[in-house]
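Source file target.cif; content: mmCIF, C-alpha atoms.
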```cif
data_data
#
loop_
_atom_site.label_atom_id
_atom_site.label_comp_id
_atom_site.auth_asym_id
_atom_site.auth_seq_id
_atom_site.Cartn_x
_atom_site.Cartn_y
_atom_site.Cartn_z
CA MET I 270 26.52 5.65 22.84
CA ASP I 271 23.46 4.49 24.81
CA LEU I 272 21.12 6.50 22.56
CA LEU I 273 22.25 4.72 19.42
CA ASN I 274 22.12 1.27 21.01
CA THR I 275 18.56 1.98 22.10
CA LEU I 276 17.55 3.21 18.65
CA VAL I 277 19.04 0.17 16.92
CA ASP I 278 17.19 -2.18 19.28
CA LYS I 279 13.93 -0.33 18.67
CA GLY I 280 14.47 -0.28 14.92
CA LEU I 281 15.02 -4.02 14.74
CA ARG I 282 11.75 -4.50 16.66
CA ARG I 283 9.84 -1.88 14.61
CA GLU I 284 9.29 0.03 17.83
CA THR I 285 8.75 3.79 17.62
CA PRO I 286 11.46 5.89 19.26
CA THR I 287 10.47 8.80 21.46
CA ARG I 288 10.43 12.32 20.06
CA GLU I 289 13.28 13.17 22.40
CA GLU I 290 15.37 10.36 20.93
CA ALA I 291 14.61 11.51 17.39
CA LEU I 292 15.57 15.07 18.27
CA ALA I 293 18.78 13.83 19.87
CA VAL I 294 19.81 12.24 16.55
CA LEU I 295 19.49 15.59 14.79
CA ARG I 296 21.56 17.23 17.52
CA THR I 297 24.52 14.85 17.52
CA THR I 298 27.92 16.36 16.79
CA ASP I 299 30.09 15.92 13.72
CA ASP I 300 32.43 13.80 15.84
CA GLU I 301 29.52 11.40 16.42
CA LEU I 302 28.27 11.38 12.82
CA LEU I 303 29.90 8.14 11.67
CA ASP I 304 28.56 6.38 14.76
CA VAL I 305 25.06 7.61 13.87
CA VAL I 306 25.41 6.39 10.28
CA ALA I 307 26.71 3.01 11.41
CA ALA I 308 23.84 2.55 13.86
CA ALA I 309 21.12 3.51 11.39
CA GLY I 310 22.89 1.36 8.81
CA LYS I 311 22.32 -1.71 10.98
CA VAL I 312 18.58 -1.06 10.89
CA ARG I 313 18.63 -0.44 7.13
CA ARG I 314 20.53 -3.68 6.44
CA HIS I 315 18.28 -5.70 8.74
CA TRP I 316 15.19 -4.84 6.69
CA PHE I 317 16.64 -4.24 3.22
CA GLY I 318 20.05 -5.87 3.08
CA ARG I 319 22.41 -4.05 0.71
CA ARG I 320 19.82 -3.56 -2.05
CA VAL I 321 19.22 -0.13 -3.61
CA LYS I 322 15.98 0.40 -5.48
CA LEU I 323 16.16 2.67 -8.53
CA ASN I 324 13.23 4.90 -9.49
CA TYR I 325 12.82 6.99 -12.63
CA LEU I 326 10.83 10.19 -13.14
CA VAL I 327 8.82 11.19 -16.19
CA ASN I 328 7.58 14.78 -16.05
CA LEU I 329 4.33 14.54 -18.02
CA LYS I 330 3.43 18.24 -17.79
CA SER I 331 5.85 20.94 -16.70
CA GLY I 332 5.34 24.40 -15.22
CA LEU I 333 2.35 26.76 -15.14
CA CYS I 334 1.02 25.45 -11.83
CA PRO I 335 -1.67 27.62 -10.15
CA GLU I 336 -0.52 26.67 -6.63
CA ASP I 337 1.92 28.85 -4.66
CA CYS I 338 4.20 26.28 -2.98
CA SER I 339 7.24 28.36 -2.03
CA TYR I 340 9.78 25.62 -2.73
CA CYS I 341 8.64 24.84 -6.26
CA SER I 342 10.09 26.13 -9.52
CA GLN I 343 6.76 25.38 -11.23
CA ARG I 344 4.69 27.49 -8.80
CA LEU I 345 2.41 30.38 -9.60
CA GLY I 346 4.63 33.41 -10.23
CA SER I 347 7.87 31.44 -10.51
CA GLU I 348 10.59 33.27 -12.43
CA ALA I 349 12.79 30.19 -12.70
CA GLY I 350 13.70 29.55 -16.33
CA ILE I 351 12.38 26.01 -16.42
CA LEU I 352 10.91 24.02 -19.29
CA LYS I 353 7.19 24.59 -19.76
CA TYR I 354 5.05 22.20 -21.78
CA THR I 355 1.66 20.56 -21.70
CA TRP I 356 0.83 16.85 -21.55
CA LEU I 357 3.17 14.34 -23.17
CA LYS I 358 1.41 11.77 -25.33
CA PRO I 359 1.46 8.18 -24.03
CA ASP I 360 4.01 7.05 -26.61
CA GLU I 361 6.29 10.00 -25.80
CA ALA I 362 6.12 9.29 -22.07
CA SER I 363 6.70 5.58 -22.64
CA LYS I 364 9.80 6.33 -24.70
CA VAL I 365 11.24 8.50 -21.92
CA ALA I 366 10.39 5.86 -19.31
CA ALA I 367 12.18 3.21 -21.36
CA ALA I 368 15.49 5.03 -20.89
CA GLY I 369 15.23 4.82 -17.10
CA LEU I 370 14.15 1.19 -17.16
CA ALA I 371 17.09 0.34 -19.41
CA GLY I 372 19.34 1.99 -16.82
CA GLY I 373 18.10 -0.34 -14.08
CA ALA I 374 15.05 1.44 -12.64
CA LYS I 375 12.20 -0.80 -11.51
CA ARG I 376 9.67 1.96 -10.78
CA VAL I 377 8.54 4.78 -13.06
CA CYS I 378 7.05 7.89 -11.43
CA LEU I 379 4.60 9.81 -13.63
CA VAL I 380 4.34 13.40 -12.44
CA ALA I 381 2.29 16.37 -13.67
CA SER I 382 2.20 19.94 -12.41
CA GLY I 383 -1.10 21.47 -11.34
CA ARG I 384 -3.48 21.54 -8.39
CA GLY I 385 -4.91 18.18 -9.33
CA PRO I 386 -6.06 16.21 -12.38
CA THR I 387 -9.33 16.62 -14.24
CA ASP I 388 -11.12 13.44 -15.23
CA ARG I 389 -9.69 13.92 -18.72
CA ASP I 390 -6.20 14.13 -17.21
CA VAL I 391 -6.77 10.87 -15.34
CA GLU I 392 -7.75 9.31 -18.67
CA ARG I 393 -4.52 10.58 -20.26
CA VAL I 394 -2.40 9.22 -17.44
CA SER I 395 -4.28 5.91 -17.49
CA ASP I 396 -3.45 5.55 -21.18
CA THR I 397 0.20 6.30 -20.39
CA ILE I 398 0.30 3.72 -17.60
CA LYS I 399 -1.12 1.09 -19.93
CA ALA I 400 1.40 1.97 -22.66
CA ILE I 401 4.35 1.66 -20.26
CA LYS I 402 3.14 -1.61 -18.77
CA GLU I 403 2.41 -3.15 -22.17
CA GLN I 404 6.02 -2.56 -23.21
CA ASN I 405 7.74 -3.34 -19.90
CA GLU I 406 6.68 -6.44 -18.03
CA GLY I 407 6.86 -6.17 -14.27
CA VAL I 408 7.48 -2.42 -14.09
CA GLU I 409 6.01 -0.55 -11.12
CA VAL I 410 4.21 2.71 -11.88
CA CYS I 411 3.61 5.48 -9.36
CA ALA I 412 1.42 8.49 -10.20
CA CYS I 413 1.95 11.97 -8.74
CA LEU I 414 -0.77 14.27 -10.02
CA GLY I 415 -1.77 16.43 -7.09
CA LEU I 416 -5.04 16.55 -5.18
CA LEU I 417 -7.43 13.75 -6.13
CA SER I 418 -11.19 13.94 -6.47
CA ASP I 419 -13.53 11.11 -5.57
CA GLY I 420 -13.13 8.09 -7.82
CA GLN I 421 -9.90 9.18 -9.49
CA ALA I 422 -7.63 6.94 -7.42
CA GLU I 423 -9.78 3.95 -8.30
CA ARG I 424 -9.49 4.76 -12.00
CA LEU I 425 -5.70 4.98 -11.74
CA ARG I 426 -5.60 1.66 -9.93
CA GLU I 427 -7.78 0.05 -12.60
CA ALA I 428 -5.40 1.38 -15.26
CA GLY I 429 -2.50 -0.42 -13.58
CA ALA I 430 -1.00 2.18 -11.22
CA ASP I 431 0.75 0.56 -8.27
CA ALA I 432 1.31 3.61 -6.07
CA TYR I 433 0.41 7.24 -5.54
CA ASN I 434 2.91 9.87 -4.44
CA HIS I 435 1.85 12.87 -2.35
CA ASN I 436 4.17 14.44 0.22
CA LEU I 437 3.40 16.05 3.55
CA ASN I 438 6.55 18.14 3.04
CA THR I 439 6.67 19.81 6.45
CA SER I 440 4.96 19.85 9.83
CA GLU I 441 1.27 20.68 10.04
CA ALA I 442 2.05 23.65 12.29
CA THR I 443 4.24 25.33 9.68
CA TYR I 444 2.50 24.16 6.51
CA GLY I 445 0.75 27.49 5.98
CA ASP I 446 4.13 29.22 5.86
CA ILE I 447 5.10 27.48 2.62
CA THR I 448 1.73 27.14 0.84
CA THR I 449 -1.53 29.10 1.03
CA THR I 450 -3.54 27.71 -1.91
CA HIS I 451 -4.26 24.35 -0.26
CA THR I 452 -3.93 22.88 3.22
CA TYR I 453 -2.10 20.12 5.02
CA ALA I 454 -5.48 18.43 5.47
CA ASP I 455 -5.93 18.45 1.67
CA ARG I 456 -2.79 16.39 1.33
CA VAL I 457 -3.88 13.90 3.95
CA ASP I 458 -7.29 13.59 2.26
CA THR I 459 -5.68 12.77 -1.09
CA VAL I 460 -3.52 10.07 0.39
CA GLN I 461 -6.49 8.59 2.16
CA LYS I 462 -8.26 8.41 -1.20
CA ALA I 463 -5.25 6.67 -2.76
CA HIS I 464 -5.01 4.23 0.13
CA ALA I 465 -8.71 3.39 0.02
CA ALA I 466 -8.35 2.58 -3.68
CA GLY I 467 -5.64 0.01 -2.95
CA LEU I 468 -2.68 2.10 -4.10
CA SER I 469 0.62 1.92 -2.24
CA ALA I 470 1.24 5.19 -0.41
CA CYS I 471 4.43 7.15 -1.01
CA SER I 472 4.76 10.22 1.21
CA GLY I 473 7.71 12.20 2.39
CA LEU I 474 9.16 15.56 3.29
CA ILE I 475 11.36 18.44 2.19
CA ALA I 476 14.21 19.48 4.47
CA GLY I 477 16.05 22.78 4.29
CA MET I 478 13.15 25.24 4.07
CA GLY I 479 14.08 26.96 7.33
CA GLU I 480 12.23 24.49 9.54
CA SER I 481 13.30 23.65 13.09
CA ASP I 482 14.45 20.28 14.41
CA GLU I 483 11.04 19.99 16.05
CA ASP I 484 9.31 20.53 12.68
CA LEU I 485 11.35 17.74 11.10
CA VAL I 486 10.54 15.35 13.91
CA ASP I 487 6.85 16.31 13.76
CA VAL I 488 6.51 15.58 10.05
CA VAL I 489 8.39 12.28 10.29
CA PHE I 490 6.24 11.16 13.22
CA SER I 491 3.15 12.15 11.22
CA LEU I 492 4.44 9.98 8.39
CA ARG I 493 5.04 7.09 10.79
CA GLU I 494 1.42 7.38 11.93
CA LEU I 495 0.16 7.46 8.33
CA ASP I 496 2.34 4.44 7.58
CA PRO I 497 3.31 4.86 3.90
CA ASP I 498 5.30 2.14 2.19
CA SER I 499 7.91 4.61 0.95
CA VAL I 500 9.18 7.91 2.34
CA PRO I 501 11.03 10.21 -0.08
CA VAL I 502 13.37 12.65 1.67
CA ASN I 503 13.86 15.75 -0.47
CA PHE I 504 16.51 18.37 0.26
CA LEU I 505 15.40 21.81 -0.90
CA ILE I 506 16.90 22.94 -4.19
CA PRO I 507 16.91 26.74 -3.80
CA PHE I 508 15.88 27.72 -7.32
CA GLU I 509 16.51 31.29 -8.38
CA GLY I 510 13.14 32.85 -9.10
CA THR I 511 11.37 31.17 -6.17
CA PRO I 512 10.67 32.57 -2.67
CA LEU I 513 13.10 30.11 -1.05
CA ALA I 514 16.01 30.86 -3.39
CA LYS I 515 18.17 32.14 -0.52
CA GLU I 516 17.47 29.22 1.85
CA TRP I 517 20.79 27.40 1.95
CA ASN I 518 20.45 25.74 5.34
CA LEU I 519 21.85 22.27 4.74
CA THR I 520 25.26 20.66 5.00
CA PRO I 521 26.14 17.09 4.02
CA GLN I 522 26.35 16.25 7.72
CA ARG I 523 22.90 17.70 8.42
CA CYS I 524 21.42 15.68 5.54
CA LEU I 525 22.92 12.47 6.90
CA ARG I 526 21.48 13.13 10.36
CA ILE I 527 18.04 13.75 8.84
CA LEU I 528 18.18 10.51 6.87
CA ALA I 529 19.31 8.60 9.98
CA MET I 530 16.44 10.05 12.01
CA VAL I 531 13.94 9.04 9.31
CA ARG I 532 15.36 5.51 9.26
CA PHE I 533 15.08 5.16 13.04
CA VAL I 534 11.48 6.42 13.08
CA CYS I 535 10.43 4.46 9.96
CA PRO I 536 12.74 1.43 10.15
CA ASP I 537 11.00 -0.96 7.74
CA VAL I 538 9.83 1.41 5.00
CA GLU I 539 11.51 2.28 1.72
CA VAL I 540 13.45 5.45 2.52
CA ARG I 541 14.29 7.23 -0.71
CA ILE I 542 16.84 9.99 -1.22
CA ALA I 543 15.00 12.32 -3.57
CA GLY I 544 15.46 15.89 -4.83
CA GLY I 545 18.62 17.76 -3.87
CA ARG I 546 20.79 14.71 -3.27
CA GLU I 547 23.70 15.92 -5.38
CA VAL I 548 23.37 19.57 -4.37
CA HIS I 549 23.53 19.01 -0.62
CA LEU I 550 25.12 15.60 0.04
CA ARG I 551 27.66 16.03 -2.74
CA THR I 552 30.66 13.73 -2.15
CA MET I 553 28.95 12.27 0.93
CA GLN I 554 26.29 10.55 -1.19
CA PRO I 555 27.77 7.05 -0.75
CA LEU I 556 27.42 7.33 3.04
CA ALA I 557 23.72 8.09 2.57
CA LEU I 558 23.24 4.65 0.97
CA HIS I 559 23.86 3.17 4.42
CA LEU I 560 20.68 4.96 5.55
CA ALA I 561 18.36 4.95 2.54
CA ASN I 562 17.55 1.94 0.38
CA SER I 563 16.17 3.82 -2.63
CA ILE I 564 17.26 6.66 -4.92
CA PHE I 565 16.14 8.32 -8.13
CA LEU I 566 18.00 7.64 -11.34
CA GLY I 567 17.91 10.34 -13.97
CA ASP I 568 17.04 14.03 -13.88
CA TYR I 569 14.52 15.69 -11.61
CA LEU I 570 11.37 17.41 -12.80
CA THR I 571 12.96 20.73 -13.66
CA SER I 572 16.62 20.38 -12.70
CA GLU I 573 19.41 18.07 -13.74
CA GLY I 574 20.90 15.45 -11.50
CA GLN I 575 23.97 13.28 -11.37
CA ALA I 576 24.82 11.08 -14.32
CA GLY I 577 23.00 7.78 -14.33
CA LYS I 578 26.26 5.96 -14.93
CA ALA I 579 27.81 7.74 -11.95
CA ASP I 580 24.91 6.62 -9.76
CA LEU I 581 25.41 2.99 -10.75
CA GLU I 582 29.16 3.21 -10.14
CA MET I 583 28.56 4.86 -6.76
CA ILE I 584 26.23 2.04 -5.69
CA ALA I 585 28.73 -0.63 -6.73
CA ASP I 586 31.75 1.14 -5.27
CA ALA I 587 29.97 1.56 -1.92
CA GLY I 588 29.37 -2.20 -1.77
CA PHE I 589 25.66 -2.14 -2.55
CA GLU I 590 23.70 -3.76 -5.37
CA VAL I 591 20.84 -2.58 -7.58
CA GLU I 592 17.57 -4.22 -6.66
CA GLY I 593 16.28 -6.45 -9.43
CA ALA I 594 12.84 -6.25 -11.01
CA ASP I 595 12.03 -9.70 -9.64
CA GLU I 596 12.93 -8.79 -6.05
CA VAL I 597 10.37 -7.63 -3.48
CA THR I 598 11.33 -4.25 -2.07
CA LEU I 599 9.43 -4.35 1.20
CA PRO I 600 10.06 -6.69 4.13
CA GLU I 601 7.82 -9.76 4.14
CA HIS I 602 5.33 -8.45 6.71
CA ARG I 603 4.71 -5.32 4.61
CA ALA I 604 4.68 -7.07 1.26
CA GLN I 605 2.13 -9.60 2.49
CA ARG I 606 -0.24 -7.03 3.86
CA SER I 607 0.11 -4.86 0.78
CA GLY I 608 -0.69 -7.55 -1.69
CA GLY I 609 2.13 -6.92 -4.10
CA ALA I 610 5.86 -6.93 -4.62
CA CYS I 611 6.00 -3.15 -4.81
CA GLY I 612 3.82 -2.70 -1.79
CA ALA I 613 0.67 -1.84 -3.66
CA ARG I 614 -2.11 -2.18 -1.19
CA ALA I 615 -4.81 -4.73 -1.91
CA GLY I 616 -7.39 -2.94 0.13
CA GLY I 617 -7.82 -0.32 2.74
CA ASP I 618 -6.85 -2.36 5.70
CA VAL I 619 -3.58 -1.08 6.87
CA CYS I 620 -2.53 1.07 9.73
CA GLY I 621 -3.29 4.57 9.03
CA SER I 622 -4.37 6.83 6.27
CA HIS I 623 -1.45 7.32 3.99
CA ALA I 624 -0.51 10.87 3.40
CA GLY I 625 1.75 10.44 0.63
CA GLY I 626 4.22 11.01 -1.86
CA GLY I 627 4.01 13.39 -4.62
CA ASP I 628 3.54 16.78 -3.52
CA ALA I 629 0.23 17.99 -3.02
CA CYS I 630 -0.92 19.68 -6.04
CA GLY I 631 1.41 18.19 -8.40
CA SER I 632 3.75 21.08 -7.91
CA HIS I 633 6.72 19.09 -6.98
CA ALA I 634 8.91 18.99 -4.03
CA THR I 635 12.10 20.90 -4.22
CA ASP I 636 12.17 21.44 -7.91
CA GLY I 637 13.05 18.04 -8.36
CA GLY I 638 9.87 16.90 -7.30
CA VAL I 639 8.80 14.17 -5.38
CA CYS I 640 9.22 11.20 -7.26
CA GLY I 641 11.99 13.35 -8.64
CA VAL I 642 14.71 11.57 -10.32
CA ASP I 643 18.18 12.71 -10.69
CA SER I 644 20.57 11.51 -13.13
CA GLY I 645 22.54 13.79 -15.38
CA ASP I 646 24.19 12.86 -18.39
CA GLY I 647 27.29 12.89 -16.85
CA ASP I 648 29.00 15.58 -18.44
CA VAL I 649 32.41 16.58 -17.80
CA CYS I 650 33.31 16.55 -14.22
CA GLY I 651 30.20 17.60 -12.65
CA SER I 652 28.97 20.27 -14.91
CA HIS I 653 25.28 19.63 -15.46
CA ALA I 654 25.37 20.06 -19.16
CA GLY I 655 24.97 16.59 -20.37
CA GLY I 656 26.95 14.59 -22.65
CA GLY I 657 29.66 12.42 -21.56
CA ASP I 658 30.00 10.92 -18.27
CA VAL I 659 33.41 11.89 -17.21
CA CYS I 660 32.91 11.95 -13.48
CA GLY I 661 29.30 12.74 -14.01
CA SER I 662 28.91 14.22 -10.58
CA HIS I 663 27.67 17.68 -9.72
CA ALA I 664 30.53 18.23 -7.35
CA GLY I 665 32.35 20.36 -9.81
CA GLY I 666 36.08 20.64 -10.13
CA ALA I 667 38.26 18.74 -12.52
CA CYS I 668 37.13 15.37 -11.34
CA GLY I 669 38.10 16.42 -7.86
CA ALA I 670 41.76 16.86 -8.73
CA HIS I 671 42.97 20.30 -7.72
CA GLU I 672 45.67 21.05 -10.19
CA GLU I 673 47.67 24.21 -10.18
CA GLY I 674 45.40 27.09 -11.02
CA ALA I 675 42.23 25.07 -10.38
CA ALA I 676 39.48 26.61 -8.28
CA ALA I 677 39.54 25.77 -4.60
CA PRO I 678 36.67 23.78 -3.10
CA VAL I 679 33.59 25.86 -2.34
CA SER I 680 31.87 25.67 1.03
CA GLY I 681 28.48 27.11 1.96
CA PRO I 682 25.73 27.81 -0.61
CA ARG I 683 26.25 26.06 -3.95
CA PRO I 684 24.01 27.69 -6.57
CA ASP I 685 26.54 26.49 -9.13
CA LEU I 686 25.19 22.97 -8.57
CA VAL I 687 21.63 23.90 -9.56
CA ALA I 688 21.00 23.60 -13.28
CA VAL I 689 17.69 23.68 -15.15
CA ARG I 690 16.84 20.46 -16.96
CA ARG I 691 17.18 20.91 -20.74
CA ARG I 692 16.96 17.30 -21.90
CA GLY I 693 14.58 14.38 -21.76
CA ALA I 694 10.82 14.88 -21.44
CA GLY I 695 9.58 17.95 -23.29
CA THR I 696 12.75 18.28 -25.41
CA ASP I 697 14.27 16.66 -28.46
CA LEU I 698 17.33 15.52 -26.50
CA ALA I 699 17.78 12.04 -25.11
CA PRO I 700 16.89 11.63 -21.41
CA ASN I 701 19.60 11.00 -18.88
CA ALA I 702 19.62 7.57 -17.32
#
```
Take the structure in the file and write it out as structure tokens.
Amino acid sequence: MDLLNTLVDKGLRRETPTREEALAVLRTTDDELLDVVAAAGKVRRHWFGRRVKLNYLVNLKSGLCPEDCSYCSQRLGSEAGILKYTWLKPDEASKVAAAGLAGGAKRVCLVASGRGPTDRDVERVSDTIKAIKEQNEGVEVCACLGLLSDGQAERLREAGADAYNHNLNTSEATYGDITTTHTYADRVDTVQKAHAAGLSACSGLIAGMGESDEDLVDVVFSLRELDPDSVPVNFLIPFEGTPLAKEWNLTPQRCLRILAMVRFVCPDVEVRIAGGREVHLRTMQPLALHLANSIFLGDYLTSEGQAGKADLEMIADAGFEVEGADEVTLPEHRAQRSGGACGARAGGDVCGSHAGGGDACGSHATDGGVCGVDSGDGDVCGSHAGGGDVCGSHAGGACGAHEEGAAAPVSGPRPDLVAVRRRGAGTDLAPNA
């Protein structure tokens, strides 16, 4: 296909595709899907080889957010039965983080619900960053706390933060349809503050909220212009009790096309499969590793994810390898300009103002949250309820074997794959990693 050959050539040269080319990727047919994955996979391997970076989420403060982000289970007025708790102490957060690091994660994402941190909150998070770094040499720490005030990004950087996560989520034109308590410009401003402080920008999107192909292309091109080091791609988890609970607009094939489009537009950045991976990609997750070079290990902010052990087995079985703590994630040209192995920026020199990662206002993308990590405990054959690791996938069914009397595969909406997190941070149960 001429389109794919053109996109591969552009990706290897770091040349931006046209909007028409990006739209064409989203509009390819199912018969063309494997060709699309193979083409985008060439670009992914050129810049990142077969390495998969593991990230781990620690939800420092859950629920009770005053913002009204429609996608979020922690939003104002949410009726989702999620865990609600105030700030974890530094030693508690460090203990939870240790589980993810032991499972192979090299970055810890510290997330807190709310519009944005007070100066006291920044002090709390700074103490937590120091505690984690004192106990784990070489770990990367990304903060996701919402809208930042002047000077707060600098304080986080001084405390040892490497990155700041704040997502654009959707196109500027449709942003007001999902959130009214802050603006798209607020998000951009926060990322600019993080960038100016020398933090690596992490900024992404949420797909599946009813947006058009044009909206998806718009937000990804906006991200390209802002030039973050990492782009988390969240797939909406339609939580009961939130305004978007009935928005089941994604198929595994649609998710793969979205990831391929992001890779073509942002060829040399860390593309991370974030919230909703297990719910929407399901058994197609291994194919997504040919497009993205980063995933979350462990549970999301408020929902459970696939078993950590299952994630590691999936990576190995698909022929990929977990990126080591001593390996530089970014390609050389990015790592050099950023001044650090994780892409933490040494100064405000780089192309663009980074609108980034977390999710504006700390109310976190998809439920799972930006930075969201998904790992489950495994549990028997895809049930989310923790415990073993037999199968450990959310895909349900007796390990995929359809014995006589077993339920037939389910197509369409899969609310059965959405389970509230009941372990790890904020509970007495061991975290899943």
Any chance you could resolve the PyMOL selection byres ((chain I and resi 383) around 9) against this file and give the residues as a PDB file with C-alpha atoms, keeping the file's coordinate frame?
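Written out: expr-v9.pdb:
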```
ATOM      1  CA  LYS I 330       3.430  18.240 -17.790  1.00  0.00           C
ATOM      2  CA  SER I 331       5.850  20.940 -16.700  1.00  0.00           C
ATOM      3  CA  GLY I 332       5.340  24.400 -15.220  1.00  0.00           C
ATOM      4  CA  LEU I 333       2.350  26.760 -15.140  1.00  0.00           C
ATOM      5  CA  CYS I 334       1.020  25.450 -11.830  1.00  0.00           C
ATOM      6  CA  PRO I 335      -1.670  27.620 -10.150  1.00  0.00           C
ATOM      7  CA  GLU I 336      -0.520  26.670  -6.630  1.00  0.00           C
ATOM      8  CA  GLN I 343       6.760  25.380 -11.230  1.00  0.00           C
ATOM      9  CA  ARG I 344       4.690  27.490  -8.800  1.00  0.00           C
ATOM     10  CA  ALA I 381       2.290  16.370 -13.670  1.00  0.00           C
ATOM     11  CA  SER I 382       2.200  19.940 -12.410  1.00  0.00           C
ATOM     12  CA  ARG I 384      -3.480  21.540  -8.390  1.00  0.00           C
ATOM     13  CA  GLY I 385      -4.910  18.180  -9.330  1.00  0.00           C
ATOM     14  CA  PRO I 386      -6.060  16.210 -12.380  1.00  0.00           C
ATOM     15  CA  LEU I 414      -0.770  14.270 -10.020  1.00  0.00           C
ATOM     16  CA  GLY I 415      -1.770  16.430  -7.090  1.00  0.00           C
ATOM     17  CA  LEU I 416      -5.040  16.550  -5.180  1.00  0.00           C
ATOM     18  CA  CYS I 630      -0.920  19.680  -6.040  1.00  0.00           C
ATOM     19  CA  GLY I 631       1.410  18.190  -8.400  1.00  0.00           C
ATOM     20  CA  SER I 632       3.750  21.080  -7.910  1.00  0.00           C
TER      21      SER I 632
END
```
Name the residues that the PyMOL selection byres ((chain I and resi 348-364) around 7) picks from the file above, as an NGL selection string, using the file's chain letters and numbers. :I and (327 or 329-332 or 342 or 346-347 or 365-368 or 396-397 or 400-401 or 508-511 or 571 or 689 or 695)
CA of Gly318 in chain I and CA of Ala594 in chain I, how far apart in Å? 15.8 Å
Taking into account all atoms listed in the file, which residue in the set I:Leu474, I:Leu292, I:Ala699, I:Val410 is nearest to Ser395 in chain I?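 Among I:Leu474, I:Leu292, I:Ala699, I:Val410, it is I:Val410 that comes nearest to Ser395 in chain I.
We find CA of Glu406 in chain I and CA of Lys322 in chain I to be spaced 17.1 Å apart.
With distances taken over all atoms listed in the file, I:Arg683 is the one residue among I:Arg313, I:Arg282, I:Arg320, I:Arg683 lying closest to Lys515 in chain I.
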Tell me which residues the PyMOL selection byres ((chain I and resi 373) around 9) grabs here, as a ChimeraX atom specification. /I:322-324,369-372,374-375,566,581,591-594,702
